[in-house]
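Novice: Next up is a structure, given as structure tokens.
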Amino acid sequence: QIENRFDCVPSCSNFLCCSLSVIPRIPLSKIVPHTLRHQGSKQTQRDPPYTMTYSIQVPNEYGYVILTCIVGPMVSSLYMGGVVGGARKKYNVPYPNMYATPKHHEKADEFNRVQRGHQNFFENVTSFSVAALVGGLKHPYTCAVYGILFSVGSILFQIGYSDTNLDVKLARYKKGGAIKHIGFLGSVGAAISLAGSMLEWW
């Protein structure tokens, strides 16, 4: 049997402080190999057995992360959705069709290129936002920049993909769409950096 207790302290205004105590009836070495401490801890002695305590400080600059990694992608999605809506009228692809059907819709490829530019955004935005929000706890300014790169890059990705004068294999990157991948991979790196700090790898 395992008894869990999770206490949150809402009175902390500048940081979130949560403690998790786990009291199992099996050897400690199989549960917690050692005690992990946040670098801001003032403890001078090891924590009591079976206890892990984490303190995560939310930096004042974290608001930039929220604006660029949550609000920014939402605005970008609305813009790209408007482009798709215009393409529906232009190429006569009504709802509920998500994509145009070749040989049925006259301009199937033209519309599908616009739609794919938007769908690619949906395929990546969730993972990006989660990684950026986590990594932003340690690297707020850096993740804010990654948010801008991801949002702007997603729009450029769709613009390039929609250009039928460009080869479809590389069109998405011809107008600058590659910068979205810099934002995506950078946010993943920031999340890994935070995880390494919590695990005391560096």
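Quick note on naming: the chains in the structure tokens go A, B, ... in the order shown, residues restart at 1 in each chain, and ligands are numbered from 1 in order of appearance.
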Hey, what does DSSP flag as helix (DSSP H, G or I) within region 66-105 of chain A? Can you give it to me as a ChimeraX atom specification?
Specialist: /A:66-91
Novice: Tell me which of A:Gly85, A:Gly147, A:Gly186, A:Pro102 sits closest to Val71 (chain A), counting only C-alpha atoms.
Specialist: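 Using only C-alpha atoms, Val71 (chain A) sits closest to A:Gly147.
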Novice: Pick the closest to Ile70 (chain A) from A:Tyr54, A:Phe150, A:Tyr99, A:Tyr173: which is it, counting only C-alpha atoms?
Specialist: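 Closest candidate: A:Phe150.
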Novice: Find the spatial neighbours of Asn120 (chain A), counting only C-alpha atoms, within a cut-off of 12 Å - ignore same-chain residues fewer than 5 positions away - and output them as a PyMOL selection string.
Specialist: chain A and resi 77+80+112-115+125-126+150+153-155+157-158+161+172+177+180-181
Novice: Which residues are near Ala191 (chain A)? Cut-off 12 Å, only C-alpha atoms, ignore same chain within fewer than 4 positions. Put them as an MDAnalysis selection string.
Specialist: chainID A and resid 127:140 142:143 184:187 195:198
Novice: Neighbours of Gly81 (chain A) within 12 Å (only C-alpha atoms; same-chain residues fewer than 2 positions away dropped), as a list of chain:residue names?
Specialist: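 Listing them by chain and then by number gives A:Pro73, A:Met74, A:Val75, A:Ser76, A:Ser77, A:Leu78, A:Tyr79, A:Val83, A:Val84, A:Gly85, A:Gly86, A:Ala87, A:Arg88, A:Met98, A:Val114, A:Gln115, A:Arg116, A:Gly117, A:His118, A:Gln119, A:Phe121, A:Phe122, A:Ser154, A:Ile155, A:Gln158.
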Novice: Kindly indicate which residue among A:Lys90, A:Gly176, A:Asp109, A:Ile148 lies nearest to Ser162 (chain A), using only C-alpha atoms for the distances.
Specialist: A:Asp109
Novice: Which is closest to Tyr62 (chain A) among A:Tyr91, A:Val152, A:His105, A:Ala144, if we use only C-alpha atoms?
Specialist: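 Result for the nearest residue to Tyr62 (chain A): A:Ala144.
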Novice: Could you tell me how far CA of Thr68 (chain A) lies from CA of Leu194 (chain A), in Å and to one decimal?
Specialist: 19.0 Å
